[in-house]
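Novice: Following this line is data39.cif, made up of mmCIF, C-alpha atoms and all ligand atoms:
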data_query
loop_
_atom_site.label_atom_id
_atom_site.label_comp_id
_atom_site.auth_asym_id
_atom_site.auth_seq_id
_atom_site.Cartn_x
_atom_site.Cartn_y
_atom_site.Cartn_z
CA MET E 1 76.28 -33.44 63.05
CA ILE E 2 75.00 -30.51 65.07
CA ARG E 3 74.44 -27.01 63.74
CA PHE E 4 73.97 -24.23 66.25
CA VAL E 5 71.92 -21.38 64.83
CA THR E 6 72.86 -18.11 66.45
CA GLY E 7 72.35 -14.57 65.30
CA THR E 8 73.65 -11.06 65.46
CA ASP E 9 70.72 -10.15 67.72
CA THR E 10 67.37 -11.30 68.95
CA GLY E 11 64.57 -11.13 66.38
CA VAL E 12 67.03 -11.35 63.49
CA GLY E 13 65.50 -14.42 61.85
CA LYS E 14 67.11 -17.40 63.62
CA THR E 15 63.85 -19.32 63.78
CA VAL E 16 63.07 -18.67 60.12
CA ALA E 17 66.60 -19.71 59.16
CA ALA E 18 66.57 -22.79 61.40
CA ALA E 19 63.30 -23.86 59.78
CA ALA E 20 64.78 -23.37 56.30
CA VAL E 21 67.86 -25.41 57.24
CA CYS E 22 65.67 -28.20 58.67
CA ARG E 23 63.47 -28.24 55.59
CA ALA E 24 66.48 -28.37 53.27
CA GLU E 25 68.04 -31.19 55.29
CA ARG E 26 64.79 -33.16 55.20
CA GLN E 27 64.42 -32.60 51.46
CA ALA E 28 67.97 -33.90 51.02
CA GLY E 29 66.80 -37.14 52.62
CA ARG E 30 68.37 -36.71 56.04
CA THR E 31 66.63 -37.11 59.37
CA VAL E 32 66.71 -33.90 61.37
CA LEU E 33 65.67 -32.77 64.81
CA TYR E 34 65.15 -29.11 65.70
CA ALA E 35 65.92 -28.23 69.32
CA LYS E 36 65.26 -25.04 71.28
CA PRO E 37 67.18 -25.45 74.53
CA VAL E 38 65.64 -22.43 76.26
CA GLN E 39 62.52 -20.57 75.16
CA THR E 40 61.73 -17.38 77.03
CA GLY E 41 58.85 -14.93 76.86
CA LEU E 42 56.05 -17.45 76.66
CA GLY E 43 53.66 -19.12 79.05
CA PRO E 44 52.64 -22.78 79.02
CA GLY E 45 50.93 -23.85 75.81
CA GLU E 46 51.80 -20.75 73.79
CA PRO E 47 53.42 -21.53 70.42
CA GLY E 48 57.16 -20.93 70.59
CA ASP E 49 59.97 -21.13 68.04
CA ALA E 50 59.68 -24.92 68.00
CA ALA E 51 56.02 -24.76 66.95
CA PHE E 52 56.90 -22.46 64.04
CA VAL E 53 59.69 -24.78 62.86
CA ALA E 54 57.41 -27.82 63.12
CA ALA E 55 54.87 -26.03 60.92
CA ALA E 56 57.40 -24.63 58.43
CA ALA E 57 59.71 -27.64 58.07
CA SER E 58 57.64 -30.71 59.10
CA VAL E 59 60.42 -32.04 61.30
CA PRO E 60 60.33 -33.29 64.88
CA VAL E 61 61.06 -30.58 67.41
CA VAL E 62 61.97 -30.39 71.06
CA GLU E 63 61.93 -27.51 73.54
CA CYS E 64 63.85 -28.23 76.75
CA LEU E 65 63.15 -25.29 79.07
CA ARG E 66 60.65 -22.42 79.07
CA PHE E 67 60.44 -19.27 81.17
CA PRO E 68 57.66 -16.69 80.91
CA GLU E 69 59.51 -13.37 80.88
CA PRO E 70 61.03 -12.16 77.57
CA LEU E 71 64.55 -11.96 78.99
CA ALA E 72 67.88 -13.72 78.53
CA PRO E 73 67.69 -17.34 79.78
CA ALA E 74 69.85 -16.79 82.89
CA VAL E 75 67.81 -13.75 83.91
CA ALA E 76 64.41 -15.22 83.06
CA ALA E 77 65.21 -18.42 84.97
CA ALA E 78 66.47 -16.59 88.05
CA ARG E 79 63.42 -14.34 88.13
CA ALA E 80 61.20 -17.41 87.86
CA GLY E 81 62.97 -18.80 90.94
CA GLU E 82 64.59 -21.60 88.93
CA ILE E 83 68.08 -22.60 87.91
CA ILE E 84 69.40 -23.79 84.57
CA ASP E 85 71.41 -26.94 85.04
CA VAL E 86 73.69 -26.71 82.00
CA GLU E 87 74.94 -30.30 82.32
CA ALA E 88 71.37 -31.62 82.47
CA LEU E 89 70.43 -29.47 79.50
CA LEU E 90 73.34 -30.85 77.48
CA ALA E 91 72.35 -34.39 78.44
CA ASP E 92 68.74 -33.75 77.39
CA LEU E 93 69.82 -32.34 74.03
CA THR E 94 72.19 -35.23 73.36
CA LYS E 95 69.55 -37.80 74.29
CA ALA E 96 66.85 -36.12 72.17
CA GLY E 97 69.15 -36.01 69.15
CA ASP E 98 70.19 -39.63 69.36
CA GLY E 99 69.70 -41.38 66.03
CA PHE E 100 69.15 -38.26 63.91
CA ASP E 101 71.48 -37.43 61.00
CA ARG E 102 71.36 -33.74 61.90
CA ILE E 103 70.41 -31.68 64.94
CA VAL E 104 69.63 -28.02 64.43
CA VAL E 105 69.86 -26.16 67.73
CA GLU E 106 68.54 -22.60 67.98
CA GLY E 107 70.09 -20.38 70.61
CA ALA E 108 68.33 -17.52 72.36
CA GLY E 109 69.26 -14.03 71.23
CA GLY E 110 72.89 -13.60 70.18
CA LEU E 111 76.08 -15.54 70.86
CA LEU E 112 77.04 -14.09 74.24
CA VAL E 113 73.60 -14.11 75.81
CA PRO E 114 73.89 -15.49 79.35
CA LEU E 115 72.66 -19.05 79.77
CA TRP E 116 73.46 -19.59 83.43
CA GLY E 117 76.27 -18.42 85.69
CA ASP E 118 79.26 -17.61 83.48
CA ALA E 119 77.99 -19.80 80.66
CA THR E 120 76.70 -18.21 77.47
CA MET E 121 75.17 -19.48 74.24
CA ALA E 122 78.74 -19.74 72.94
CA ASP E 123 79.57 -22.24 75.67
CA LEU E 124 76.48 -24.26 74.85
CA ALA E 125 77.51 -24.44 71.17
CA ASP E 126 81.05 -25.34 72.20
CA ARG E 127 79.97 -28.13 74.55
CA LEU E 128 77.68 -29.54 71.86
CA GLY E 129 80.58 -29.62 69.40
CA ALA E 130 78.37 -27.73 66.96
CA GLY E 131 79.22 -25.66 63.92
CA LEU E 132 77.85 -22.13 64.13
CA VAL E 133 75.41 -20.70 61.64
CA VAL E 134 75.15 -16.95 62.16
CA VAL E 135 71.90 -15.35 61.04
CA THR E 136 72.16 -11.72 60.09
CA ARG E 137 70.12 -8.90 58.59
CA PRO E 138 70.74 -7.40 55.15
CA ALA E 139 70.16 -3.84 56.42
CA LEU E 140 72.50 -1.10 57.58
CA GLY E 141 74.30 -2.12 60.78
CA THR E 142 74.77 -5.73 59.79
CA LEU E 143 78.49 -5.42 59.01
CA ASN E 144 79.37 -4.33 62.54
CA HIS E 145 77.04 -6.83 64.23
CA THR E 146 78.23 -9.70 62.07
CA ALA E 147 81.91 -8.83 62.53
CA LEU E 148 81.47 -8.66 66.31
CA THR E 149 79.71 -12.02 66.39
CA LEU E 150 82.33 -13.70 64.20
CA GLU E 151 85.17 -12.21 66.21
CA ALA E 152 83.63 -13.53 69.44
CA ALA E 153 83.14 -16.96 67.86
CA ARG E 154 86.67 -17.14 66.51
CA ALA E 155 88.19 -15.90 69.77
CA ARG E 156 86.53 -18.89 71.45
CA GLY E 157 87.70 -21.31 68.77
CA LEU E 158 84.16 -22.08 67.65
CA PRO E 159 83.88 -23.39 64.10
CA VAL E 160 81.74 -21.13 61.90
CA ASP E 161 79.85 -22.94 59.13
CA GLY E 162 78.72 -19.64 57.66
CA LEU E 163 76.11 -16.92 57.52
CA ILE E 164 72.44 -16.86 56.59
CA VAL E 165 70.93 -13.53 55.62
CA SER E 166 67.23 -13.35 56.43
CA ASP E 167 64.58 -10.91 55.20
CA TRP E 168 66.37 -10.35 51.89
CA PRO E 169 64.28 -7.79 49.95
CA ALA E 170 62.70 -8.54 46.58
CA GLU E 171 64.49 -5.51 45.18
CA PRO E 172 67.82 -5.11 46.95
CA GLY E 173 69.27 -1.62 46.97
CA VAL E 174 72.84 -0.45 47.25
CA THR E 175 72.83 -1.07 51.02
CA GLU E 176 71.88 -4.73 50.76
CA SER E 177 74.06 -5.45 47.71
CA THR E 178 77.19 -3.90 49.19
CA ASN E 179 76.50 -5.48 52.58
CA LEU E 180 76.29 -8.90 50.94
CA GLU E 181 79.66 -8.41 49.27
CA ARG E 182 81.22 -7.46 52.61
CA LEU E 183 79.52 -10.34 54.43
CA TRP E 184 81.02 -12.78 51.93
CA ALA E 185 84.44 -11.41 52.84
CA MET E 186 83.79 -12.32 56.49
CA ALA E 187 82.42 -15.86 56.13
CA PRO E 188 80.68 -18.06 53.55
CA VAL E 189 77.12 -16.90 52.95
CA LEU E 190 75.23 -20.19 53.08
CA GLY E 191 71.98 -18.75 51.84
CA LEU E 192 69.62 -15.82 51.53
CA LEU E 193 66.06 -16.05 52.78
CA PRO E 194 63.60 -13.79 50.99
CA THR E 195 61.13 -11.58 52.79
CA TYR E 196 57.90 -13.54 53.25
CA PRO E 197 55.15 -10.95 53.72
CA GLY E 198 53.00 -11.66 56.77
CA LEU E 199 55.47 -14.10 58.31
CA ASP E 200 55.38 -13.95 62.12
CA THR E 201 57.21 -16.70 63.99
CA ALA E 202 54.88 -16.19 66.97
CA ASP E 203 52.07 -17.55 64.78
CA PRO E 204 52.82 -20.94 63.18
CA THR E 205 49.87 -20.51 60.77
CA THR E 206 51.97 -17.86 58.96
CA ALA E 207 54.70 -20.40 58.12
CA PRO E 208 55.29 -20.25 54.34
CA PRO E 209 54.37 -23.53 52.65
CA GLU E 210 57.55 -23.45 50.58
CA LEU E 211 60.15 -21.91 52.89
CA ALA E 212 63.40 -22.07 50.92
CA PHE E 213 66.68 -20.30 50.30
CA LEU E 214 66.83 -17.94 47.32
CA THR E 215 70.20 -19.29 46.32
CA ALA E 216 71.03 -22.97 46.60
CA PRO E 217 73.22 -23.00 49.70
CA SER E 218 76.38 -25.05 49.50
CA PRO E 219 76.02 -27.48 52.41
CA TRP E 220 72.37 -28.25 51.84
N1 LIG X 301 62.64 -13.98 55.80
C1 LIG X 301 61.76 -13.28 56.52
N2 LIG X 301 60.57 -12.87 55.96
C2 LIG X 301 59.68 -12.17 56.66
N3 LIG X 301 59.83 -11.81 57.94
C3 LIG X 301 60.99 -12.18 58.56
C4 LIG X 301 61.99 -12.94 57.90
N4 LIG X 301 63.00 -13.15 58.77
C5 LIG X 301 62.63 -12.56 59.92
N5 LIG X 301 61.42 -11.98 59.80
C6 LIG X 301 60.66 -11.23 60.82
O1 LIG X 301 61.40 -11.15 62.02
C7 LIG X 301 60.66 -11.75 63.07
C8 LIG X 301 61.60 -12.42 64.02
O2 LIG X 301 62.20 -13.53 63.36
P1 LIG X 301 62.66 -14.80 64.20
O3 LIG X 301 61.60 -15.16 65.18
O4 LIG X 301 63.08 -15.85 63.22
O5 LIG X 301 63.90 -14.18 64.97
P2 LIG X 301 64.81 -14.91 66.06
O6 LIG X 301 66.20 -14.45 65.81
O7 LIG X 301 64.54 -16.36 66.04
O8 LIG X 301 64.27 -14.28 67.45
P3 LIG X 301 64.45 -14.89 68.95
O9 LIG X 301 65.72 -14.31 69.45
O10 LIG X 301 63.22 -14.31 69.63
O11 LIG X 301 64.43 -16.39 68.87
C9 LIG X 301 59.65 -12.68 62.41
O12 LIG X 301 58.50 -12.92 63.19
C10 LIG X 301 59.33 -11.90 61.15
O13 LIG X 301 58.39 -10.88 61.45
MG MG X 302 63.82 -17.63 67.49
#
So, in terms of structure tokens, how does the structure I just supplied come out?

Specialist:
Amino acid sequence: MIRFVTGTDTGVGKTVAAAAVCRAERQAGRTVLYAKPVQTGLGPGEPGDAAFVAAAASVPVVECLRFPEPLAPAVAAARAGEIIDVEALLADLTKAGDGFDRIVVEGAGGLLVPLWGDATMADLADRLGAGLVVVTRPALGTLNHTALTLEAARARGLPVDGLIVSDWPAEPGVTESTNLERLWAMAPVLGLLPTYPGLDTADPTTAPPELAFLTAPSPW
């Protein structure tokens, strides 16, 4: 089974959420591979999302393609003078995931970020036959961003497993509490991830030793 972790935006907590999903899967006794099809914004050897997940979840990880500029994959690749061969990427992901109970694939940015040509992250999820996990913020603005993402997913016939809310405050106020109620009305909320002070996914040494959902999420 493949889960495709997307988000309402870049920097919304997809890597943190993907790590939490991987850790929960592993703790449930399943074998799990984390895959980052395209990592942008980093040079060779710099720790990317995969390095953070490896540190936070102790699962095998794979990164397929990397481009140095912090841009959408299609744009970063073109500016690096390279192409993204979507068929080859799909083949690489399928081969890497062979034999694992679960594959957790993290997109880049949000659902309609361009991958190559007309293809977006949504097409990648579709071709993988993955269920979507949409990571969203608890703060003001999340209802619109989440609704837009879910509408785009549903318009494309993509199955939505549910939402993960990251950076959930220790003391939620009226904004977060009412947002959570409304998010539940849009899709199942699979879990809340608390705010881990000092967490920075660019630095794997900040990975929390016990990264876990606040509420026991239903599928994990
Ligand atoms: N639960 C959390 N606790 C503390 N900080 C968080 C949490 N979730 C997200 N953040 C903050 O947001 C930053 C970005 O999170 P993350 O890297 O997971 O986003 P992303 O959606 O994967 O971004 P990208 O599109 O670059 O892959 C983190 O480095 C951290 O500073
Ligand atoms: Mg990420």

Novice: Which neighbours of segment 109-121 of chain E fall inside 8 Å, counting only C-alpha atoms, when residues of the same chain fewer than 5 positions from it are skipped, and could you give them as a ChimeraX atom specification?

Specialist: /E:6-11,72-75,83-86,149,152-153

Novice: Skip Gly131 of chain E itself and residues of its chain fewer than 6 positions away, then list as a PyMOL selection string all residues within 9 Å of it, counting only C-alpha atoms.

Specialist: chain E and resi 1-5+125+158-162

Novice: Just how far from atom CA of Ala50 of chain E is atom CA of Asn144 of chain E, in Å to one decimal?

Specialist: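 These atoms are spaced 29.0 Å apart.
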
Novice: Please extract the residues at most 10 Å from ligand MG 302 (chain X), counting all atoms listed in the file, and provide them as a PyMOL selection string, using the chain letters and residue numbers of this document.

Specialist: chain E and resi 5-7+10-19+36+39-40+48-50+52-53+106-109+201-202

Novice: For a test of reading the model, state the distance in Å between atom CA of Thr175 of chain E and atom CA of Ala24 of chain E, rounded to one decimal.

Specialist: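 Taking atom CA of Thr175 of chain E as the start and atom CA of Ala24 of chain E as the end point, the length is 28.1 Å.
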
Novice: Please compute the atom CA of Leu190 of chain E-atom CA of Phe213 of chain E distance, one decimal, in Å.

Specialist: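 Taking atom CA of Leu190 of chain E as the start and atom CA of Phe213 of chain E as the end point, the length is 9.0 Å.
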
Novice: Taking only C-alpha atoms and all ligand atoms into account, which of E:Leu180, E:Ile164, E:Ala91, E:Val174 comes nearest ligand LIG 301 (chain X)?

Specialist: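 Smallest separation from ligand LIG 301 (chain X) among the options: E:Ile164.
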
Novice: Nearest to Leu140 of chain E: which of E:Ala51, E:Arg156, E:Ile103, E:Arg182 is it, counting all atoms listed in the file?

Specialist: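 Comparing E:Ala51, E:Arg156, E:Ile103, E:Arg182 against Leu140 of chain E, the winner is E:Arg182.
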
Novice: Need the shell around Glu69 of chain E: protein/DNA/RNA residues with any atom at most 8 Å away, counting all atoms listed in the file. Skip same-chain ones fewer than 4 positions apart. Format as a PyMOL selection string?

Specialist: chain E and resi 40-42+76

Novice: Find, counting only C-alpha atoms and all ligand atoms, the residue in E:Leu65, E:Ala54, E:Leu71, E:Leu148 that gets nearest to ligand LIG 301 (chain X).

Specialist: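 Nearest to ligand LIG 301 (chain X): E:Leu71.
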
Novice: Between E:Ala130, E:Ala96, E:Val105, E:Leu183, which one has atoms that come closest to ligand LIG 301 (chain X), using only C-alpha atoms and all ligand atoms?

Specialist: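 Smallest separation from ligand LIG 301 (chain X) among the options: E:Val105.
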
Novice: Could you tell me which of E:Ala88, E:Val165, E:Leu211, E:Met186 comes closest to Leu199 of chain E if we count only C-alpha atoms?

Specialist: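 Counting only C-alpha atoms, the residue closest to Leu199 of chain E is E:Leu211.
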
Novice: Taking all listed atoms of ligand LIG 301 (chain X), build the axis-aligned box, pad each of the six sides by 5 Å, then write its centre and edge lengths in Å to one decimal as AutoDock Vina command-line options.

Specialist:
--center_x 62.3 --center_y -13.6 --center_z 62.7 --size_x 17.8 --size_y 15.5 --size_z 23.8

Novice: Here is a test: counting all atoms listed in the file, which residue of E:Val32, E:Leu143, E:Leu90, E:Ala207 is nearest to ligand LIG 301 (chain X)?

Specialist: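 Among E:Val32, E:Leu143, E:Leu90, E:Ala207, it is E:Ala207 that comes nearest to ligand LIG 301 (chain X).
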
Novice: Taking 6 positions as the minimum chain separation for residues in the same chain, which residues sit within 10 Å of Leu89 of chain E when counting all atoms listed in the file? Answer as a ChimeraX atom specification.

Specialist: /E:37-38,64-65,95,124

Novice: Got a minute to add N, CA, C and O atoms to segment 160-184 of chain E and dump it as an mmCIF file, keeping the file's coordinate frame?

Specialist:
data_model
loop_
_atom_site.group_PDB
_atom_site.id
_atom_site.type_symbol
_atom_site.label_atom_id
_atom_site.label_comp_id
_atom_site.auth_asym_id
_atom_site.auth_seq_id
_atom_site.Cartn_x
_atom_site.Cartn_y
_atom_site.Cartn_z
ATOM 1 N N VAL E 160 82.855 -21.864 62.517
ATOM 2 C CA VAL E 160 81.740 -21.130 61.900
ATOM 3 C C VAL E 160 81.437 -21.762 60.548
ATOM 4 O O VAL E 160 82.274 -21.726 59.646
ATOM 5 N N ASP E 161 80.245 -22.352 60.420
ATOM 6 C CA ASP E 161 79.850 -22.940 59.130
ATOM 7 C C ASP E 161 79.589 -21.830 58.112
ATOM 8 O O ASP E 161 79.887 -21.979 56.940
ATOM 9 N N GLY E 162 78.985 -20.748 58.578
ATOM 10 C CA GLY E 162 78.720 -19.640 57.660
ATOM 11 C C GLY E 162 77.567 -18.781 58.136
ATOM 12 O O GLY E 162 77.093 -18.910 59.266
ATOM 13 N N LEU E 163 77.147 -17.911 57.221
ATOM 14 C CA LEU E 163 76.110 -16.920 57.520
ATOM 15 C C LEU E 163 74.829 -17.252 56.757
ATOM 16 O O LEU E 163 74.881 -17.829 55.673
ATOM 17 N N ILE E 164 73.702 -16.876 57.324
ATOM 18 C CA ILE E 164 72.440 -16.860 56.590
ATOM 19 C C ILE E 164 71.871 -15.448 56.724
ATOM 20 O O ILE E 164 71.803 -14.904 57.833
ATOM 21 N N VAL E 165 71.521 -14.868 55.595
ATOM 22 C CA VAL E 165 70.930 -13.530 55.620
ATOM 23 C C VAL E 165 69.423 -13.690 55.481
ATOM 24 O O VAL E 165 68.939 -14.273 54.497
ATOM 25 N N SER E 166 68.685 -13.210 56.483
ATOM 26 C CA SER E 166 67.230 -13.350 56.430
ATOM 27 C C SER E 166 66.574 -12.008 56.139
ATOM 28 O O SER E 166 67.125 -10.955 56.441
ATOM 29 N N ASP E 167 65.369 -12.107 55.540
ATOM 30 C CA ASP E 167 64.580 -10.910 55.200
ATOM 31 C C ASP E 167 65.216 -10.166 54.024
ATOM 32 O O ASP E 167 65.234 -8.934 53.993
ATOM 33 N N TRP E 168 65.728 -10.936 53.071
ATOM 34 C CA TRP E 168 66.370 -10.350 51.890
ATOM 35 C C TRP E 168 65.279 -9.758 50.984
ATOM 36 O O TRP E 168 64.357 -10.456 50.585
ATOM 37 N N PRO E 169 65.374 -8.443 50.671
ATOM 38 C CA PRO E 169 64.280 -7.790 49.950
ATOM 39 C C PRO E 169 64.161 -8.264 48.501
ATOM 40 O O PRO E 169 65.151 -8.678 47.894
ATOM 41 N N ALA E 170 62.947 -8.150 47.976
ATOM 42 C CA ALA E 170 62.700 -8.540 46.580
ATOM 43 C C ALA E 170 63.519 -7.671 45.635
ATOM 44 O O ALA E 170 63.949 -8.127 44.579
ATOM 45 N N GLU E 171 63.704 -6.412 46.019
ATOM 46 C CA GLU E 171 64.490 -5.510 45.180
ATOM 47 C C GLU E 171 65.616 -4.909 46.003
ATOM 48 O O GLU E 171 65.480 -3.809 46.540
ATOM 49 N N PRO E 172 66.734 -5.618 46.115
ATOM 50 C CA PRO E 172 67.820 -5.110 46.950
ATOM 51 C C PRO E 172 68.385 -3.802 46.423
ATOM 52 O O PRO E 172 68.529 -3.632 45.209
ATOM 53 N N GLY E 173 68.673 -2.894 47.337
ATOM 54 C CA GLY E 173 69.270 -1.620 46.970
ATOM 55 C C GLY E 173 70.773 -1.674 47.183
ATOM 56 O O GLY E 173 71.347 -2.741 47.438
ATOM 57 N N VAL E 174 71.381 -0.517 47.122
ATOM 58 C CA VAL E 174 72.840 -0.450 47.250
ATOM 59 C C VAL E 174 73.277 -0.911 48.642
ATOM 60 O O VAL E 174 74.334 -1.544 48.790
ATOM 61 N N THR E 175 72.466 -0.648 49.667
ATOM 62 C CA THR E 175 72.830 -1.070 51.020
ATOM 63 C C THR E 175 72.948 -2.580 51.098
ATOM 64 O O THR E 175 73.957 -3.137 51.555
ATOM 65 N N GLU E 176 71.894 -3.271 50.657
ATOM 66 C CA GLU E 176 71.880 -4.730 50.760
ATOM 67 C C GLU E 176 72.962 -5.352 49.869
ATOM 68 O O GLU E 176 73.657 -6.283 50.281
ATOM 69 N N SER E 177 73.092 -4.843 48.649
ATOM 70 C CA SER E 177 74.060 -5.450 47.710
ATOM 71 C C SER E 177 75.493 -5.299 48.221
ATOM 72 O O SER E 177 76.284 -6.247 48.179
ATOM 73 N N THR E 178 75.809 -4.108 48.711
ATOM 74 C CA THR E 178 77.190 -3.900 49.190
ATOM 75 C C THR E 178 77.409 -4.641 50.501
ATOM 76 O O THR E 178 78.495 -5.169 50.759
ATOM 77 N N ASN E 179 76.366 -4.707 51.344
ATOM 78 C CA ASN E 179 76.500 -5.480 52.580
ATOM 79 C C ASN E 179 76.791 -6.948 52.265
ATOM 80 O O ASN E 179 77.640 -7.579 52.909
ATOM 81 N N LEU E 180 76.090 -7.482 51.275
ATOM 82 C CA LEU E 180 76.290 -8.900 50.940
ATOM 83 C C LEU E 180 77.727 -9.161 50.493
ATOM 84 O O LEU E 180 78.339 -10.158 50.900
ATOM 85 N N GLU E 181 78.256 -8.264 49.691
ATOM 86 C CA GLU E 181 79.660 -8.410 49.270
ATOM 87 C C GLU E 181 80.593 -8.453 50.476
ATOM 88 O O GLU E 181 81.491 -9.289 50.572
ATOM 89 N N ARG E 182 80.364 -7.535 51.417
ATOM 90 C CA ARG E 182 81.220 -7.460 52.610
ATOM 91 C C ARG E 182 81.014 -8.666 53.520
ATOM 92 O O ARG E 182 81.962 -9.142 54.155
ATOM 93 N N LEU E 183 79.780 -9.160 53.597
ATOM 94 C CA LEU E 183 79.520 -10.340 54.430
ATOM 95 C C LEU E 183 80.272 -11.546 53.880
ATOM 96 O O LEU E 183 80.847 -12.337 54.634
ATOM 97 N N TRP E 184 80.279 -11.667 52.559
ATOM 98 C CA TRP E 184 81.020 -12.780 51.930
ATOM 99 C C TRP E 184 82.497 -12.745 52.287
ATOM 100 O O TRP E 184 83.155 -13.782 52.367
#
